[in-house]
Each structure stands twice: as structure tokens, then as C-alpha cells.
file start-v2.cif (mmCIF, C-alpha atoms)
data_input
loop_
_atom_site.label_atom_id
_atom_site.label_comp_id
_atom_site.auth_asym_id
_atom_site.auth_seq_id
_atom_site.Cartn_x
_atom_site.Cartn_y
_atom_site.Cartn_z
CA MET A 1 -14.58 -13.14 13.55
CA ARG A 2 -11.08 -12.75 12.08
CA LYS A 3 -8.90 -9.80 12.91
CA ILE A 4 -7.74 -7.40 10.21
CA LEU A 5 -4.13 -6.31 9.96
CA SER A 6 -3.65 -3.19 7.85
CA ILE A 7 -0.22 -2.03 6.73
CA ILE A 8 -0.11 1.56 5.46
CA GLY A 9 2.51 2.35 2.83
CA PRO A 10 2.75 6.07 2.09
CA MET A 11 4.69 6.62 -1.12
CA TYR A 12 6.05 9.62 -2.94
CA ASN A 13 7.86 9.02 -6.25
CA GLU A 14 8.52 5.37 -5.40
CA GLU A 15 7.61 3.76 -8.74
CA ALA A 16 10.66 1.47 -8.65
CA LEU A 17 9.77 0.06 -5.21
CA VAL A 18 5.99 -0.39 -5.23
CA ARG A 19 5.88 -4.01 -6.39
CA GLU A 20 8.85 -5.07 -4.28
CA PHE A 21 7.35 -3.45 -1.16
CA CYS A 22 4.04 -5.25 -1.62
CA GLU A 23 5.56 -8.63 -2.48
CA GLU A 24 8.04 -8.55 0.41
CA THR A 25 5.41 -7.35 2.88
CA LEU A 26 2.94 -10.07 1.90
CA LEU A 27 5.72 -12.67 2.05
CA ALA A 28 6.81 -11.53 5.51
CA LEU A 29 3.21 -11.78 6.74
CA THR A 30 2.68 -15.31 5.39
CA PRO A 31 3.12 -16.97 8.81
CA ILE A 32 0.16 -15.07 10.28
CA ARG A 33 -2.23 -15.26 7.32
CA HIS A 34 -4.21 -17.99 9.05
CA SER A 35 -5.03 -15.60 11.92
CA TYR A 36 -5.59 -12.29 10.13
CA ASP A 37 -7.17 -10.81 7.07
CA LEU A 38 -4.32 -8.77 5.59
CA GLU A 39 -4.58 -5.44 3.85
CA ILE A 40 -1.91 -3.16 2.44
CA VAL A 41 -3.12 0.41 1.98
CA LEU A 42 -0.88 2.19 -0.52
CA VAL A 43 -1.10 5.97 -0.28
CA ASP A 44 0.13 8.01 -3.24
CA ASP A 45 1.26 11.27 -1.69
CA GLY A 46 1.09 13.37 -4.87
CA SER A 47 3.82 11.57 -6.81
CA SER A 48 4.99 13.07 -10.09
CA ASP A 49 6.29 9.77 -11.53
CA ASP A 50 4.45 6.49 -12.28
CA THR A 51 3.99 5.49 -8.63
CA LEU A 52 0.18 5.59 -8.86
CA GLU A 53 0.13 3.46 -12.02
CA LYS A 54 2.45 0.90 -10.37
CA MET A 55 0.18 0.85 -7.31
CA ARG A 56 -2.86 0.17 -9.46
CA ALA A 57 -1.03 -2.63 -11.29
CA VAL A 58 -0.13 -4.32 -8.00
CA GLN A 59 -3.69 -3.84 -6.78
CA LYS A 60 -5.00 -5.50 -9.94
CA ASP A 61 -2.79 -8.53 -9.18
CA ASN A 62 -3.87 -8.61 -5.50
CA PRO A 63 -7.39 -7.12 -5.37
CA ASN A 64 -8.28 -8.63 -1.99
CA GLU A 65 -5.14 -7.45 -0.25
CA ILE A 66 -4.19 -4.09 -1.78
CA THR A 67 -6.10 -0.82 -1.47
CA VAL A 68 -4.92 2.33 -3.26
CA VAL A 69 -5.54 5.86 -2.01
CA GLN A 70 -4.58 8.85 -4.15
CA LEU A 71 -4.06 12.17 -2.41
CA SER A 72 -4.63 15.39 -4.36
CA ARG A 73 -1.12 16.70 -3.68
CA ASN A 74 1.99 16.05 -1.61
CA PHE A 75 1.23 16.38 2.09
CA GLY A 76 4.43 14.82 3.43
CA LEU A 77 4.78 11.54 5.28
CA GLU A 78 3.04 12.40 8.53
CA LEU A 79 0.19 14.39 7.03
CA SER A 80 -0.39 11.81 4.29
CA LEU A 81 -1.28 9.31 7.01
CA ILE A 82 -3.77 11.72 8.55
CA HIS A 83 -5.51 12.38 5.23
CA ILE A 84 -6.47 8.78 4.62
#

call {"tool": "encode", "arguments": {"input": "start-v2.cif", "output": "C-alpha cells"}}
result
Amino acid sequence: MRKILSIIGPMYNEEALVREFCEETLLALTPIRHSYDLEIVLVDDGSSDDTLEKMRAVQKDNPNEITVVQLSRNFGLELSLIHI
């Protein structure tokens, strides 16, 4: 049974960085892909820009590695992690 490595990326109004974050994170984890199933969980913490749409676009390009969670409002960094 393979181990799962989950990276949680809470985001608030980060539309310009979503794709770069995911691409760089997946690239950095390339050396361990043979040992782990990788998952990036993107958490939209009530953004008022296009962060959620950018997250969904990246998820569409990487459906097996990206999960998107949309919170109902802004909870702040620490609480956004608790709410997922």
C-alpha cells in the first residue's frame, strides 16, 4: 500500500499565484513520486478575486493530484485549516 502525502494550500485572494504554487510544488515533489501518492488540497478561504476559478482550472489540468475546497467565508489562515 502506497503512502499519501497531502499538501494543504490555504489561499485568500491569491489568483496570481495559484498555478505557480501548484506547478512548483509538484515539481519539488517529483523525486518522491515513486514512493507516495501526492495530493495538493487548495483551500479557498473566502477570496473576493478569481482565486477559486484559478484553483478549479489547475484542478482540471491535474484532476488526480489537486483537490479544491471552498469555504463559505474568510476564516483566516489557522481556522481555514481546521474547517477542512

call {"tool": "atom_distance", "arguments": {"input": "start-v2.cif", "atom1": "CA of Asp44 (chain A)", "atom2": "CA of Glu23 (chain A)"}}
result
17.5 Å

call {"tool": "residues_around", "arguments": {"input": "start-v2.cif", "residues": "region 66-69 of chain A", "least_positions_apart": "6", "cutoff": "8 Å", "atoms": "all atoms listed in the file", "output": "PyMOL selection string"}}
result
chain A and resi 39-44+55-56+58-59+84

call {"tool": "atom_distance", "arguments": {"input": "start-v2.cif", "atom1": "CA of Asp37 (chain A)", "atom2": "CA of Phe21 (chain A)"}}
result
18.2 Å

call {"tool": "residues_around", "arguments": {"input": "start-v2.cif", "residues": "Leu52 (chain A)", "least_positions_apart": "5", "cutoff": "8 Å", "atoms": "all atoms listed in the file", "output": "VMD selection string"}}
result
chain A and resid 15 44 47 70

call {"tool": "atom_distance", "arguments": {"input": "start-v2.cif", "atom1": "CA of Leu38 (chain A)", "atom2": "CA of Arg73 (chain A)"}}
result
27.3 Å

call {"tool": "decode", "arguments": {"input": "start-v2.cif", "residues": "region 17-31 of chain A", "atoms": "all heavy atoms", "output": "tab-separated table (two decimals), in the first residue's frame"}}
result
chain	number	residue	atom	x	y	z
A	17	LEU	N	-1.10	33.58	-7.98
A	17	LEU	CA	-0.10	32.59	-7.54
A	17	LEU	C	-0.57	31.14	-7.56
A	17	LEU	O	0.23	30.24	-7.31
A	17	LEU	CB	0.36	32.93	-6.12
A	17	LEU	CG	1.02	34.30	-5.96
A	17	LEU	CD1	1.32	34.57	-4.50
A	17	LEU	CD2	2.29	34.38	-6.78
A	18	VAL	N	-1.84	30.90	-7.82
A	18	VAL	CA	-2.38	29.55	-7.71
A	18	VAL	C	-1.63	28.57	-8.61
A	18	VAL	O	-1.12	27.54	-8.15
A	18	VAL	CB	-3.88	29.51	-8.04
A	18	VAL	CG1	-4.40	28.09	-8.10
A	18	VAL	CG2	-4.68	30.32	-7.03
A	19	ARG	N	-1.55	28.87	-9.88
A	19	ARG	CA	-0.91	27.95	-10.83
A	19	ARG	C	0.58	27.76	-10.50
A	19	ARG	O	1.08	26.64	-10.47
A	19	ARG	CB	-1.07	28.43	-12.27
A	19	ARG	CG	-0.49	27.44	-13.28
A	19	ARG	CD	-0.94	27.71	-14.69
A	19	ARG	NE	-2.37	27.57	-14.87
A	19	ARG	CZ	-3.01	26.39	-15.06
A	19	ARG	NH1	-2.32	25.27	-15.07
A	19	ARG	NH2	-4.31	26.36	-15.24
A	20	GLU	N	1.27	28.84	-10.22
A	20	GLU	CA	2.68	28.75	-9.89
A	20	GLU	C	2.91	27.90	-8.63
A	20	GLU	O	3.82	27.08	-8.59
A	20	GLU	CB	3.28	30.14	-9.69
A	20	GLU	CG	4.74	30.13	-9.37
A	20	GLU	CD	5.32	31.52	-9.19
A	20	GLU	OE1	4.59	32.52	-9.31
A	20	GLU	OE2	6.53	31.60	-8.90
A	21	PHE	N	2.09	28.10	-7.61
A	21	PHE	CA	2.20	27.31	-6.38
A	21	PHE	C	2.06	25.82	-6.69
A	21	PHE	O	2.88	25.00	-6.24
A	21	PHE	CB	1.13	27.73	-5.37
A	21	PHE	CG	1.04	26.82	-4.18
A	21	PHE	CD1	1.97	26.88	-3.16
A	21	PHE	CD2	0.02	25.88	-4.10
A	21	PHE	CE1	1.90	26.03	-2.06
A	21	PHE	CE2	-0.07	25.01	-3.02
A	21	PHE	CZ	0.88	25.09	-1.99
A	22	CYS	N	1.05	25.46	-7.45
A	22	CYS	CA	0.81	24.05	-7.76
A	22	CYS	C	1.93	23.46	-8.61
A	22	CYS	O	2.43	22.37	-8.32
A	22	CYS	CB	-0.53	23.87	-8.45
A	22	CYS	SG	-1.93	24.24	-7.38
A	23	GLU	N	2.33	24.18	-9.66
A	23	GLU	CA	3.38	23.67	-10.53
A	23	GLU	C	4.70	23.51	-9.79
A	23	GLU	O	5.37	22.48	-9.93
A	23	GLU	CB	3.56	24.61	-11.73
A	23	GLU	CG	2.40	24.53	-12.71
A	23	GLU	CD	2.47	25.57	-13.82
A	23	GLU	OE1	3.38	26.43	-13.81
A	23	GLU	OE2	1.61	25.50	-14.72
A	24	GLU	N	5.07	24.50	-9.00
A	24	GLU	CA	6.34	24.43	-8.26
A	24	GLU	C	6.30	23.35	-7.18
A	24	GLU	O	7.30	22.67	-6.95
A	24	GLU	CB	6.69	25.79	-7.65
A	24	GLU	CG	7.02	26.85	-8.68
A	24	GLU	CD	8.27	26.51	-9.49
A	24	GLU	OE1	9.24	25.98	-8.92
A	24	GLU	OE2	8.27	26.79	-10.70
A	25	THR	N	5.17	23.20	-6.53
A	25	THR	CA	5.04	22.17	-5.50
A	25	THR	C	5.14	20.77	-6.11
A	25	THR	O	5.88	19.92	-5.62
A	25	THR	CB	3.72	22.33	-4.73
A	25	THR	OG1	3.69	23.63	-4.13
A	25	THR	CG2	3.57	21.28	-3.65
A	26	LEU	N	4.43	20.54	-7.20
A	26	LEU	CA	4.50	19.24	-7.86
A	26	LEU	C	5.91	18.97	-8.39
A	26	LEU	O	6.41	17.84	-8.28
A	26	LEU	CB	3.47	19.15	-8.98
A	26	LEU	CG	2.01	19.09	-8.52
A	26	LEU	CD1	1.07	19.21	-9.71
A	26	LEU	CD2	1.73	17.82	-7.74
A	27	LEU	N	6.56	19.98	-8.93
A	27	LEU	CA	7.93	19.83	-9.41
A	27	LEU	C	8.88	19.47	-8.27
A	27	LEU	O	9.72	18.57	-8.39
A	27	LEU	CB	8.39	21.10	-10.11
A	27	LEU	CG	9.79	21.09	-10.71
A	27	LEU	CD1	9.88	20.04	-11.81
A	27	LEU	CD2	10.15	22.45	-11.24
A	28	ALA	N	8.75	20.16	-7.15
A	28	ALA	CA	9.62	19.90	-6.00
A	28	ALA	C	9.42	18.49	-5.45
A	28	ALA	O	10.36	17.90	-4.90
A	28	ALA	CB	9.36	20.93	-4.91
A	29	LEU	N	8.23	17.95	-5.61
A	29	LEU	CA	7.94	16.61	-5.08
A	29	LEU	C	8.24	15.49	-6.07
A	29	LEU	O	8.07	14.31	-5.74
A	29	LEU	CB	6.49	16.55	-4.63
A	29	LEU	CG	6.13	17.49	-3.48
A	29	LEU	CD1	4.62	17.48	-3.24
A	29	LEU	CD2	6.87	17.13	-2.22
A	30	THR	N	8.69	15.83	-7.25
A	30	THR	CA	8.99	14.83	-8.28
A	30	THR	C	9.88	13.70	-7.78
A	30	THR	O	9.60	12.52	-8.05
A	30	THR	CB	9.59	15.49	-9.53
A	30	THR	OG1	8.62	16.39	-10.07
A	30	THR	CG2	9.97	14.47	-10.58
A	31	PRO	N	10.96	14.00	-7.03
A	31	PRO	CA	11.84	12.91	-6.59
A	31	PRO	C	11.19	11.85	-5.70
A	31	PRO	O	11.71	10.73	-5.60
A	31	PRO	CB	12.95	13.64	-5.81
A	31	PRO	CG	12.93	15.03	-6.32
A	31	PRO	CD	11.50	15.31	-6.66
